[in-house]
Amino acid sequence: MGELIKFFKVPDQYEKFFEPFENEFERFIFERYRRQYYHKRLKLFYSMKYLIPRFIQIFIRRLLANASKNTFPAWPIETYLEEFKRKILQNFSGDIPFIWFWPNNKNFAFCLTHDVETKEGLKKIHKICDIEKRFGLRSAWYFVCEKYRVSDNLIKELKEEKFEVGIHGLKHDGKLFSSKSMFDKRKERIRVYVEKWNAKGFRSPSLLRNVEWIQELPVEYDSSFPDTDPFGPQAGGCLSIFPFFIGNLVELPVTLPQDHTLFEILKQRDIGIWRRKLEWIEKMHGLALLIVHPDYFNSHLEKCYCELLEFVLRKENFWYATPVEIARWWRKRSNCNLILDKTPYVVPDKSGVSISYLDRLLKITG
């Protein structure tokens, strides 16, 4: 509870004004506005998936995608939650300080991640790493623990090069949330790999999620909630382009459309949708977090990926960070408090913390 208050981080005397809006805010970020848990259709799909040739799976997903384009939340940009927050701010007057979203007053945050779904994806990791190093960037790599062999040397090499390593489920078979007993059993196996790889983050295969159970995972953060995604097996989204807490877990929403959705399912030929979404996130001062799969990394995706990185790096005053850095920042920000004296100040640790005012947000239009 209290996620709206954690988001705005105003001095204590103003927190009470946000309390009436907490339930509505959390109804969306926790996806309580629709049924999101594992249900019979998902169970049936994953029990039959291995029998269906991949080209037929893609064909079916394209048909379903056409029928999903006009659903709520809107795709690729859903503005409801940002508009909701700004309507709340219209109740305030005067210069009310709050702790700015990103370190050192950065305008927005940008984060690159990769889900390695198959052993074929392992073969392209170094190619993508070389591209990112050429741009001066580092990303996070999420591995399926028991679907293919991940060598200790690969984990060591990635970490030495300052890349992050995370967990992408145990089997990638759609069964993690099929029952509580299954989840508990796999959670303990996942714990083994968290400790072995010193992993700090988790992303669920196919972005399947259960807000009640996922907070039990033995990691610092999760990144399994899209802000909006009508095309995935578990359609919906948290509507948030900012991190939030699920229990003690920091949630980093996936806010840029996945490469597979854009180029495989929707047959996009350029980065127009990526650019449009990123520019909106920049305007809202949010988190732009992207998934690119090495499994589908062909020459066209490589071209588009490089174009996206060039597009972002031309921007000014943004914070590029790995997921664990963002999660730890969001936790640090949450642990800080603004105290009003003659001048507002922050306790306990103010390094990198910037103070802004709510009227700065009111100037943003949806």
# chains A, B, ... in the order shown; residues from 1 in each chain; ligands from 1
>>> closest_atom_pairs(of="segment 81-153 of chain A", to="segment 205-224 of chain A", cutoff="12 Å", atoms="only C-alpha atoms", output="JSON lines")
{"residue": "A:Cys111", "atom": "CA", "partner": "A:Ser223", "partner_atom": "CA", "distance": 11.4}
{"residue": "A:Leu112", "atom": "CA", "partner": "A:Ser223", "partner_atom": "CA", "distance": 11.8}
{"residue": "A:Thr113", "atom": "CA", "partner": "A:Ser223", "partner_atom": "CA", "distance": 9.7}
{"residue": "A:His114", "atom": "CA", "partner": "A:Ser223", "partner_atom": "CA", "distance": 11.4}
{"residue": "A:Asp115", "atom": "CA", "partner": "A:Pro205", "partner_atom": "CA", "distance": 8.4}
{"residue": "A:Val116", "atom": "CA", "partner": "A:Pro205", "partner_atom": "CA", "distance": 9.9}
{"residue": "A:Glu117", "atom": "CA", "partner": "A:Pro205", "partner_atom": "CA", "distance": 8.3}
{"residue": "A:Thr118", "atom": "CA", "partner": "A:Pro205", "partner_atom": "CA", "distance": 11.7}
{"residue": "A:Ala140", "atom": "CA", "partner": "A:Ser223", "partner_atom": "CA", "distance": 11.2}
{"residue": "A:Tyr142", "atom": "CA", "partner": "A:Pro205", "partner_atom": "CA", "distance": 9.8}
{"residue": "A:Phe143", "atom": "CA", "partner": "A:Pro205", "partner_atom": "CA", "distance": 9.8}
{"residue": "A:Val144", "atom": "CA", "partner": "A:Pro205", "partner_atom": "CA", "distance": 8.3}
{"residue": "A:Cys145", "atom": "CA", "partner": "A:Pro205", "partner_atom": "CA", "distance": 11.2}
{"residue": "A:Lys147", "atom": "CA", "partner": "A:Pro205", "partner_atom": "CA", "distance": 11.7}
>>> closest_atom_pairs(of="segment 232-347 of chain A", to="segment 357-360 of chain A", cutoff="12 Å", atoms="only C-alpha atoms", output="JSON lines")
{"residue": "A:Lys283", "atom": "CA", "partner": "A:Arg360", "partner_atom": "CA", "distance": 11.6}
{"residue": "A:Met284", "atom": "CA", "partner": "A:Arg360", "partner_atom": "CA", "distance": 10.7}
{"residue": "A:His285", "atom": "CA", "partner": "A:Arg360", "partner_atom": "CA", "distance": 10.8}
{"residue": "A:Leu338", "atom": "CA", "partner": "A:Tyr357", "partner_atom": "CA", "distance": 12.0}
{"residue": "A:Pro344", "atom": "CA", "partner": "A:Tyr357", "partner_atom": "CA", "distance": 10.9}
>>> write_last_selection(atoms="N, CA and C atoms", output="tab-separated table (two decimals), in the first residue's frame")
chain	number	residue	atom	x	y	z
A	283	LYS	N	9.06	12.83	-22.45
A	283	LYS	CA	8.21	13.95	-22.08
A	283	LYS	C	7.60	13.77	-20.70
A	284	MET	N	7.27	12.52	-20.35
A	284	MET	CA	6.68	12.20	-19.05
A	284	MET	C	7.74	11.98	-17.96
A	285	HIS	N	9.03	12.01	-18.34
A	285	HIS	CA	10.15	11.81	-17.41
A	285	HIS	C	10.19	10.40	-16.86
A	338	LEU	N	11.69	14.07	2.59
A	338	LEU	CA	11.82	15.53	2.51
A	338	LEU	C	11.31	16.14	3.81
A	344	PRO	N	13.74	22.97	1.87
A	344	PRO	CA	13.55	21.52	1.98
A	344	PRO	C	14.89	20.80	1.89
>>> residues_around(residues="His300 of chain A", least_positions_apart="5", cutoff="12 Å", atoms="only C-alpha atoms", output="list in words")
Asp259, Leu262, Phe263, Glu264, Lys267, Gln268, Arg269, Asp270, Ile271, Tyr305, Cys306 and Glu307 of chain A
>>> closest_atom_pairs(of="segment 200-242 of chain A", to="segment 70-78 of chain A", cutoff="10 Å", atoms="only C-alpha atoms", output="Markdown table")
| residue | atom | partner | partner_atom | distance |
| --- | --- | --- | --- | --- |
| A:Asp227 | CA | A:Glu78 | CA | 7.9 |
| A:Thr228 | CA | A:Pro73 | CA | 5.9 |
| A:Asp229 | CA | A:Trp75 | CA | 6.7 |
| A:Pro230 | CA | A:Thr71 | CA | 7.1 |
| A:Phe231 | CA | A:Trp75 | CA | 9.4 |
| A:Ala235 | CA | A:Pro73 | CA | 9.3 |
| A:Gly236 | CA | A:Pro73 | CA | 6.5 |
| A:Gly237 | CA | A:Pro73 | CA | 7.0 |
| A:Cys238 | CA | A:Pro73 | CA | 8.9 |
| A:Leu239 | CA | A:Glu78 | CA | 6.5 |
| A:Ser240 | CA | A:Glu78 | CA | 8.9 |
| A:Ile241 | CA | A:Glu78 | CA | 9.6 |
>>> residues_around(residues="Gly166 of chain A", least_positions_apart="5", cutoff="6 Å", atoms="only C-alpha atoms", output="CSV table (one decimal) with N, CA and C atoms, in the first residue's frame")
chain,number,residue,atom,x,y,z
A,141,TRP,N,21.3,-9.4,-19.1
A,141,TRP,CA,21.0,-10.6,-19.8
A,141,TRP,C,20.3,-11.6,-18.8
A,142,TYR,N,19.1,-12.0,-19.2
A,142,TYR,CA,18.3,-12.9,-18.4
A,142,TYR,C,18.3,-14.3,-19.1
A,199,ALA,N,22.7,-13.3,-9.0
A,199,ALA,CA,21.7,-12.5,-9.8
A,199,ALA,C,20.9,-11.7,-8.9
A,201,GLY,N,18.1,-9.8,-10.3
A,201,GLY,CA,16.8,-9.5,-11.0
A,201,GLY,C,16.2,-10.7,-11.6
A,202,PHE,N,14.9,-10.6,-11.9
A,202,PHE,CA,14.1,-11.7,-12.5
A,202,PHE,C,13.2,-11.2,-13.6
>>> atom_distance(atom1="atom CA of Phe177 of chain A", atom2="atom CA of Asn248 of chain A")
19.6 Å
>>> closest_residue(among="A:Gly136, A:Pro253, A:Gly121, A:Gly352", to="Phe297 of chain A", atoms="only C-alpha atoms")
A:Gly121
>>> select_by_dssp(residues="segment 66-308 of chain A", states="alpha helix (DSSP H)", output="number ranges by chain")
A: 66-68, 80-89, 119-122, 125-134, 152-160, 180-197, 259, 272-284, 299-308
>>> write_last_selection(atoms="C-alpha atoms", output="PDB file, in the first residue's frame")
ATOM      1  CA  ASN A  66      -5.233  -7.527 -35.275  1.00  0.00           C
ATOM      2  CA  ALA A  67      -8.165  -8.156 -32.953  1.00  0.00           C
ATOM      3  CA  SER A  68      -6.317  -6.692 -29.940  1.00  0.00           C
ATOM      4  CA  TYR A  80      -4.552   7.060 -18.463  1.00  0.00           C
ATOM      5  CA  LEU A  81      -2.255   6.728 -15.450  1.00  0.00           C
ATOM      6  CA  GLU A  82      -0.169   9.784 -16.310  1.00  0.00           C
ATOM      7  CA  GLU A  83      -3.322  11.847 -16.819  1.00  0.00           C
ATOM      8  CA  PHE A  84      -4.724  10.484 -13.553  1.00  0.00           C
ATOM      9  CA  LYS A  85      -1.637  11.642 -11.627  1.00  0.00           C
ATOM     10  CA  ARG A  86      -1.796  15.098 -13.142  1.00  0.00           C
ATOM     11  CA  LYS A  87      -5.485  15.461 -12.320  1.00  0.00           C
ATOM     12  CA  ILE A  88      -4.557  14.790  -8.700  1.00  0.00           C
ATOM     13  CA  LEU A  89      -1.935  17.523  -8.816  1.00  0.00           C
ATOM     14  CA  LYS A 119      20.528 -22.145 -27.001  1.00  0.00           C
ATOM     15  CA  GLU A 120      20.539 -20.405 -30.403  1.00  0.00           C
ATOM     16  CA  GLY A 121      20.282 -17.113 -28.575  1.00  0.00           C
ATOM     17  CA  LEU A 122      23.453 -17.915 -26.653  1.00  0.00           C
ATOM     18  CA  ILE A 125      25.281 -12.708 -27.111  1.00  0.00           C
ATOM     19  CA  HIS A 126      28.803 -11.561 -27.934  1.00  0.00           C
ATOM     20  CA  LYS A 127      27.676  -9.877 -31.141  1.00  0.00           C
ATOM     21  CA  ILE A 128      25.088  -7.791 -29.281  1.00  0.00           C
ATOM     22  CA  CYS A 129      27.534  -7.039 -26.462  1.00  0.00           C
ATOM     23  CA  ASP A 130      30.078  -5.787 -28.996  1.00  0.00           C
ATOM     24  CA  ILE A 131      27.465  -3.456 -30.516  1.00  0.00           C
ATOM     25  CA  GLU A 132      26.571  -2.043 -27.108  1.00  0.00           C
ATOM     26  CA  LYS A 133      30.195  -1.606 -26.068  1.00  0.00           C
ATOM     27  CA  ARG A 134      30.772   0.301 -29.287  1.00  0.00           C
ATOM     28  CA  ASP A 152      30.171 -20.399 -15.803  1.00  0.00           C
ATOM     29  CA  ASN A 153      32.690 -18.768 -18.143  1.00  0.00           C
ATOM     30  CA  LEU A 154      29.919 -16.870 -19.950  1.00  0.00           C
ATOM     31  CA  ILE A 155      28.497 -15.561 -16.675  1.00  0.00           C
ATOM     32  CA  LYS A 156      31.972 -14.548 -15.516  1.00  0.00           C
ATOM     33  CA  GLU A 157      32.817 -12.881 -18.823  1.00  0.00           C
ATOM     34  CA  LEU A 158      29.600 -10.846 -18.896  1.00  0.00           C
ATOM     35  CA  LYS A 159      30.134  -9.609 -15.351  1.00  0.00           C
ATOM     36  CA  GLU A 160      33.763  -8.706 -16.016  1.00  0.00           C
ATOM     37  CA  LYS A 180       0.986 -22.231  -6.003  1.00  0.00           C
ATOM     38  CA  SER A 181       2.651 -25.580  -5.401  1.00  0.00           C
ATOM     39  CA  MET A 182       4.388 -25.382  -8.794  1.00  0.00           C
ATOM     40  CA  PHE A 183       5.479 -21.817  -8.080  1.00  0.00           C
ATOM     41  CA  ASP A 184       6.867 -22.722  -4.642  1.00  0.00           C
ATOM     42  CA  LYS A 185       8.767 -25.685  -6.030  1.00  0.00           C
ATOM     43  CA  ARG A 186      10.337 -23.685  -8.847  1.00  0.00           C
ATOM     44  CA  LYS A 187      11.013 -20.727  -6.589  1.00  0.00           C
ATOM     45  CA  GLU A 188      13.428 -22.879  -4.576  1.00  0.00           C
ATOM     46  CA  ARG A 189      15.209 -24.073  -7.719  1.00  0.00           C
ATOM     47  CA  ILE A 190      15.432 -20.465  -8.921  1.00  0.00           C
ATOM     48  CA  ARG A 191      17.026 -19.558  -5.583  1.00  0.00           C
ATOM     49  CA  VAL A 192      19.892 -21.949  -6.375  1.00  0.00           C
ATOM     50  CA  TYR A 193      20.714 -20.070  -9.583  1.00  0.00           C
ATOM     51  CA  VAL A 194      20.240 -16.657  -7.965  1.00  0.00           C
ATOM     52  CA  GLU A 195      22.964 -17.608  -5.495  1.00  0.00           C
ATOM     53  CA  LYS A 196      25.172 -19.337  -8.078  1.00  0.00           C
ATOM     54  CA  TRP A 197      25.138 -16.391 -10.502  1.00  0.00           C
ATOM     55  CA  ASP A 259      11.401  -6.560 -30.667  1.00  0.00           C
ATOM     56  CA  GLY A 272       8.968   4.542 -35.809  1.00  0.00           C
ATOM     57  CA  ILE A 273       6.964   3.032 -32.938  1.00  0.00           C
ATOM     58  CA  TRP A 274      10.073   2.802 -30.726  1.00  0.00           C
ATOM     59  CA  ARG A 275      10.861   6.454 -31.422  1.00  0.00           C
ATOM     60  CA  ARG A 276       7.308   7.616 -30.767  1.00  0.00           C
ATOM     61  CA  LYS A 277       7.041   5.726 -27.475  1.00  0.00           C
ATOM     62  CA  LEU A 278      10.459   6.828 -26.274  1.00  0.00           C
ATOM     63  CA  GLU A 279       9.734  10.480 -27.004  1.00  0.00           C
ATOM     64  CA  TRP A 280       6.503  10.238 -24.975  1.00  0.00           C
ATOM     65  CA  ILE A 281       8.334   8.578 -22.079  1.00  0.00           C
ATOM     66  CA  GLU A 282      10.958  11.337 -22.240  1.00  0.00           C
ATOM     67  CA  LYS A 283       8.208  13.952 -22.081  1.00  0.00           C
ATOM     68  CA  MET A 284       6.684  12.201 -19.046  1.00  0.00           C
ATOM     69  CA  SER A 299      20.400  -8.257 -39.906  1.00  0.00           C
ATOM     70  CA  HIS A 300      17.181  -6.229 -39.951  1.00  0.00           C
ATOM     71  CA  LEU A 301      16.861  -6.210 -36.160  1.00  0.00           C
ATOM     72  CA  GLU A 302      20.540  -5.314 -35.849  1.00  0.00           C
ATOM     73  CA  LYS A 303      20.007  -2.316 -38.124  1.00  0.00           C
ATOM     74  CA  CYS A 304      16.939  -1.182 -36.166  1.00  0.00           C
ATOM     75  CA  TYR A 305      18.670  -1.704 -32.825  1.00  0.00           C
ATOM     76  CA  CYS A 306      21.637   0.426 -33.834  1.00  0.00           C
ATOM     77  CA  GLU A 307      19.291   3.132 -35.118  1.00  0.00           C
ATOM     78  CA  LEU A 308      17.486   3.156 -31.775  1.00  0.00           C
TER      79      LEU A 308
END
>>> residues_around(residues="Glu19 of chain A", least_positions_apart="2", cutoff="10 Å", atoms="only C-alpha atoms", output="number ranges by chain")
A: 1-5, 14-17, 21-23
>>> atom_distance(atom1="atom CA of Val353 of chain A", atom2="atom CA of Leu290 of chain A")
25.0 Å
